[in-house]
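Okay, structure first, notes after.
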Amino acid sequence: MIDAAAPTRGARDLIGVGVALAVSALVVWLVTRDPVIVAIYFSAMLVLGTAVMTGTRRSGMPLAEDFALPDWSVTVAAIEQAGTAVAIADRAGRLVCANSRFEAWFGAANAPPALPLDDASREKMSDAARSAWRDGAAQLAFRVSSEEGANATQRWVAEVQRAGRGEDFLVWRLTPEARGDPVTETMAHLHGKLGRALTRAGMAAALVDPDGRIRAASVGFAERATGDPESDLVGQDFVSLLRQEEGDRIAWARDGQRATPLMLYHVPVADPDHASEPDPQTTPSLMLVVDAGLGIGAGEGGGAAVPHLEALLGQLPLGLAMTDRDGRLLFANPAFMRAAGREGEVPPTYPTDLVVKEDKRALAESIRRFGHGAAVAGDIAVRLAGQPDDPVSLSLAGVRGLGEAAVLLGLTDSSEETRLKRQVAQATKMQAVGQLAGGVAHDFNNVLTAILGTCDLMLMRHTPGDSDYDDIQQIRANSNRAASLTRQLLAFSRQQTLRPEVLQVPDIVADVSQMLRRLIGEKIRLVVNHDRDLGPVRADPTQLEQVIVNLAVNARDAMQSRGDGFGRLTLSTHRVSAADVRAMRNEIIPIGEYTVLCVEDTGSGIAPEHLGKIFEPFFTTKEQGKGTGLGLSTVYGIVKQSGGFIFAESEVGKGTVFKVYLPVDHGAPGAARPALKVEAPRQWAGGGRILLVEDEDPVRVVAERALTRQGYQVTTASDGEEGLELVKQGGRFDLVVSDVVMPTMDGPAMARGIRELAPALPVLFMSGYAEEQLRKEIGLPHSWFMPKPFSVQQLSERVGDVLAQTKQPER
C-alpha cells in the first residue's frame with residue numbers, strides 16, 4: 001500500500017536542487033561579500049532551472065525519476081562479434097557484461113585486466129587499463145600465455161576505451177592475431193616478387209625439406225640449375241644439382257669444368273616467435289646459392305667456406321662436425337648430435353662437452369694436434385656423457401684449404417649397434433639359461449620317474465586305510481607337483497613334448513572361460529570378443545590353455561594390486577593378414593597370416609624398466625612368496641615352441657595387453673611333421689620279451705619290476721653298448737625299451753645297430769627331453785616315444801599299446 005502523505009521522488013529531487021542552489025549562493029556570498037552579485041546569481045540559476053524543467057516537460061522527455069535501469073541484454077546483443085572477445089568493466093574492476101566469445105576464451109568469472117594469463121601479460125593489461133582511464137583509450141599487442149592452456153601460444157591485439165555517460169566503464173576488445181605459416185609464405189614469396197628480386201641480385205633460392213628434397217625454387221634457381229627457368233624442380237634432390245670440386249668447392253652440376261665456384265647459405269624456415277629452437281629433422285631450410293666473391297663474407301679468410309660445407313654435410317647421414325684449431329666447434333650436423341646422444345639440442349661450444357670428464361683432456365689435445373699439424377687422420381676412443389659405459393670411436397682429420405686450419409670430426413651413431421649387441425647378449429643368456437633348465441629338468445625327470453614308480457609299487461602292496469597308504473599318496477602327490485615344475489622348465493627351454501593339433505583359438509578360449517571366471521573372482525569382469533574368418537592354427541590345445549590361464553592369473557594379480565580389486569579382463573582374437581604384418585614393419589614377425597590372441601587387463605601396469613625382463617626365468621615383481629617367476633617364461637617357451645610370437649604393451653596405472661601371434665595353418669600336403677607314434681593304442685593281453693636299456697639305476701629297477709609284474713620277460717642293460725651286445729649274442733626280443741640320452745652310446749645309435757641285426761624289432765624310446773627335440777636324432781621307422789616322468793601304470797599301458805600295434809611275439 002502506497003502512503004499518499006509520503007513525498008514523491010520528484011519532490012525530493014526538487015528539494016535537493018533547492019538546497020544545492022542555496023548552498024551555491026552561500027558560497028558566492030562567502031567569496032564576494034556582495035549582495036547584488038549573490039542576488040543576480042540566485043535569480044539567474046532559478047530562471048535557468050525553471051526553463052529546463054519547462055522545456056523537458058513540453059518535449060515529453062522523462063525526468064530523473066522516469067529513467068529505468070539499463071537493459072544489458074541489448075548491450076550484449078550489440079557487442080556480439082565473431083572472432084573478437086568484448087567485455088565491459090566498471091571502475092571497481094567488475095565485469096558488467098561480455099559477449100559469448102569472451103566467456104568461451106577467458107570465462108565469465110574473470111574481468112579484464114585480471115584475466116587468467118601469465119604475470120607479464122597481466123602487467124601489460126593493467127598498464128593498458130591505467131592508460132585508458134587517464135587518456136581515454138589504449139592499444140597493445142602481446143603474446144597471451146593462458147594458464148589453462150587454451151591459448152598458450154597465441155598472439156593477441158587488445159584495445160581498451162573509456163565509455164559511458166560518466167565515462168565510468170572500460171570497453172575491452174581482444175582479437176587473436178592471425179599466425180601465418182612461414183613455410184607456405186616462403187613458397188609464395190619464392191614464386192613471386194621476392195624470387196624475382198633475388199634472381200636480379202644474383203641469388204638462386206630454393207626451399208629444401210630436411211630429407212634434401214626441393215619443395216619450391218625461384219626462377220633464378222631453376223635457370224641456373226637446369227638452364228630452363230620454367231622447369232619444375234619440386235621433389236628433386238637438392239644435392240644432386242650441385243657437384244663438389246677440388247678444394248671442397250662446389251659448383252652447379254650442369255656447368256663445365258671451369259664452372260664458377262659457389263657459396264651456399266641456409267636459413268631454417270621457422271616461426272621466429274616460437275619459444276623453442278627449430279627442429280632440424282622437421283624444419284625446411286631456405287638455401288641461397290651465390291657465386292663466390294659476390295655473397296656475404298666473400299673474400300679471403302677461413303670463414304667463407306664454412307657455411308656451404310655446413311649445408312652440404314648437414315644432409316649426410318654420417319655424423320660430421322668441424323672445429324677450429326683452438327678446439328671451438330664451428331658446426332655439427334644433426335647426425336653428429338644424434339650419435340652423441342644430444343639429438344635436437346644446440347651444439348655446444350666445445351666438443352669436449354660431449355664426453356665424460358676423464359676423456360676431455362685427451363680429446364682436446366688430439367684436436368689441437370690435428371689442427372696444428374699436417375693434414376692427417378686418426379681415431380680416438382672416447383666415452384660420451386650420455387653413454388659412459390660404451391666407448392665409441394671418434395675420427396679426426398686435419399682440414400686444410402679453408403683459410404685457417406680446422407679439424408673434421410666423425411662420429412657414427414652406434415645406438416642401433418648397441419641395441420643389437422644387447423639383444424644378442426640377451427638371446428645368448430636366455431639360450432644358456434634354457435639349456436641349463438632343460439638339462440636340470442631331464443635329470444630331475446629321471447629322479448621323479450624312480451620316485452613315482454616306487455610309490456606305485458608300494459601302493460600295490462597297501463590298501464586304503466593302511467597306516468602307510470596316506471603317506472605314500474602324499475609322496476606321490478608332491479612328486480607330481482615337482483613334475484609340473486619340470487614341465488615349466490622344459491616349456492621355458494622349449495624342450496617339452498607337444499601334441500599339436502589343427503584348432504581354432506576361439507574354441508580353446510571357450511573351453512577355459514568358465515574356469516577363468518572362477519579363477520579371477522567376482523570383482524573382475526571377463527569380456528570375450530572374437531573376429532570373423534579366423535584362420536586355424538597348429539598348436540597343443542593343453543599348452544595353449546596353459547598360456548591363457550597363466551596370462552589371466554598375472555592379469556588378476558595386477559588388478560588386485562590396485563587396491564579395490566575391481567577390473568576388466570578382455571580376451572579377444574583378431575585376424576592379421578600378410579598386408580597387416582607388412583604394414584607393421586616388425587623385424588621379428590615374418591610376413592604371413594596370423595591369428596592373434598590378446599589378453600588385456602586394467603591393472604597397475606608394468607614399469608618400462610621391467611618390461612624387457614618379464615619373460616626371463618625367475619624374474620618377478622610380485623612380493624616374496626607370491627610368484628616363482630616362471631609363469632611368463634613358460635608362456636614364452638610354449639608360444640615360441642609352437643612357432644608363434646608374443647609381445648607385451650603396458651602403461652603404468654592403465655593396464656597391460658599381451659598379444660600372442662600364432663601362424664595360420666594352411667594344411668598344405670606334406671606340411672605336417674612326422675610323429676614317432678602313428679597308430680591308435682590297442683589292448684594287449686599277452687606277455688613278451690623286452691630288452692630294457694636305462695643308465696639310471698633307480699629308473700631301471702622300477703621299470704624292470706613294473707614290467708615283470710605285468711608278466712613280461714625283462715632283460716636289462718645299463719647302457720647302449722651292453723644292449724647292442726645282448727642282441728648280437730643272439731638274444732631274441734619282442735620290444736626294446738630304451739632311454740635316449742646315455743653315456744658312450746645313446747639310444748638311437750644302439751637302435752640303429754640293432755636294426756641291422758633285427759630290422760623289424762620295434763623300439764620304445766623314453767626320455768626327459770621333448771619328443772620335438774629328439775625327433776631328428778631318432779628318425780627310425782617303427783619307433784615310439786614316452787616322456788618322463790611316468791608312472792608304473794603309464795609304462796605298462798604304453799608297452800602294451802606298442803606290442804598291440806606290432807606282430808604277435810613268437811613263443
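Naming works like this for the C-alpha cells: A, B, ... for the chains as they're shown, residue 1 at the start of each chain, ligands 1 onward in shown order.
Running DSSP on the backbone and keeping only alpha helix (DSSP H), the residues of segment 169-292 of chain A that qualify are Pro182, Val183, Thr184, Glu185, Thr186, Met187, Ala188, His189, Leu190, His191, Lys193, Leu194, Gly195, Arg196, Ala197, Leu198, Thr199, Arg200, Val219, Gly220, Phe221, Ala222, Glu223, Arg224, Ala225 and Thr226 of chain A.
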Residues near Gly341 of chain A, anyone? I mean within 8 Å using only C-alpha atoms, not counting same-chain ones fewer than 6 positions away, as a PDB file with N, CA and C atoms, in the first residue's frame.
```pdb
ATOM      1  N   LEU A 384      81.057 -41.094 -24.366  1.00  0.00           N
ATOM      2  CA  LEU A 384      80.118 -39.991 -24.412  1.00  0.00           C
ATOM      3  C   LEU A 384      79.465 -39.800 -23.054  1.00  0.00           C
ATOM      4  N   GLY A 386      76.434 -39.141 -22.451  1.00  0.00           N
ATOM      5  CA  GLY A 386      75.148 -39.829 -22.386  1.00  0.00           C
ATOM      6  C   GLY A 386      75.262 -41.333 -22.362  1.00  0.00           C
ATOM      7  N   GLN A 387      76.442 -41.892 -22.740  1.00  0.00           N
ATOM      8  CA  GLN A 387      76.667 -43.337 -22.745  1.00  0.00           C
ATOM      9  C   GLN A 387      78.040 -43.619 -22.137  1.00  0.00           C
TER      10      GLN A 387
END
```
- prompt: Leaving out Gly768 of chain A and any residue of its chain fewer than 5 positions from it, which residues lie within 7 Å of it when counting only C-alpha atoms, given as a list in words?
  reply: His442, Asn445, Asn446, Pro787, Lys788 and Pro789 of chain A
message: I want to know what sits within 12 Å of Met460 of chain A, based on only C-alpha atoms, with residues of the same chain fewer than 4 positions away left out; could you give that as a VMD selection string?
response: chain A and resid 453 to 456 464 466 468 to 469 472 to 473 705 to 706 709 792 to 793
Just the selected residues (C-alpha atoms), exported as a compact mmCIF listing (two decimals), in the first residue's frame, please.
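Saved file result14.txt follows:
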```
# COMPACT_ATOMS: atom_id res chain seq x y z
CA GLY A 453 57.44 -95.75 -9.83
CA THR A 454 58.48 -96.74 -6.31
CA CYS A 455 55.32 -95.14 -4.90
CA ASP A 456 53.17 -97.04 -7.37
CA PRO A 464 43.30 -97.59 1.66
CA ASP A 466 46.68 -98.82 5.99
CA ASP A 468 51.42 -96.11 5.25
CA TYR A 469 48.90 -95.65 2.45
CA ILE A 472 52.76 -92.87 0.13
CA GLN A 473 49.94 -90.93 -1.55
CA ARG A 705 59.81 -104.54 -11.54
CA ALA A 706 56.78 -102.86 -13.14
CA ARG A 709 54.65 -107.72 -12.54
CA VAL A 792 54.06 -97.74 -13.41
CA GLN A 793 50.61 -97.88 -14.98
```
query: Quick one: DSSP strand (DSSP E or B) residues in segment 451-676 of chain A, as JSON, numbers by chain?
result: {"A": [501, 502, 503, 524, 525, 526, 527, 528, 529, 530, 537, 538, 539, 567, 568, 569, 570, 571, 572, 573, 574, 575, 576, 594, 595, 596, 597, 598, 599, 600, 601, 645, 646, 647, 648, 649, 650, 651, 655, 656, 657, 658, 659, 660, 661, 662, 663, 664]}
field: Interatomic distance (Å, one decimal) between atom CA of Val664 of chain A and atom CA of His530 of chain A
entry: 15.7 Å
field: Shell of 7 Å around segment 728-736 of chain A, only C-alpha atoms, local chain residues under 3 positions omitted, as an NGL selection string
entry: :A and (688-692 or 724-725 or 761-764 or 809)
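Using only C-alpha atoms, the shortest contact distance between Leu318 of chain A and any of A:Ser240, A:Ser393, A:Thr412, A:Thr806 is found at A:Thr412.
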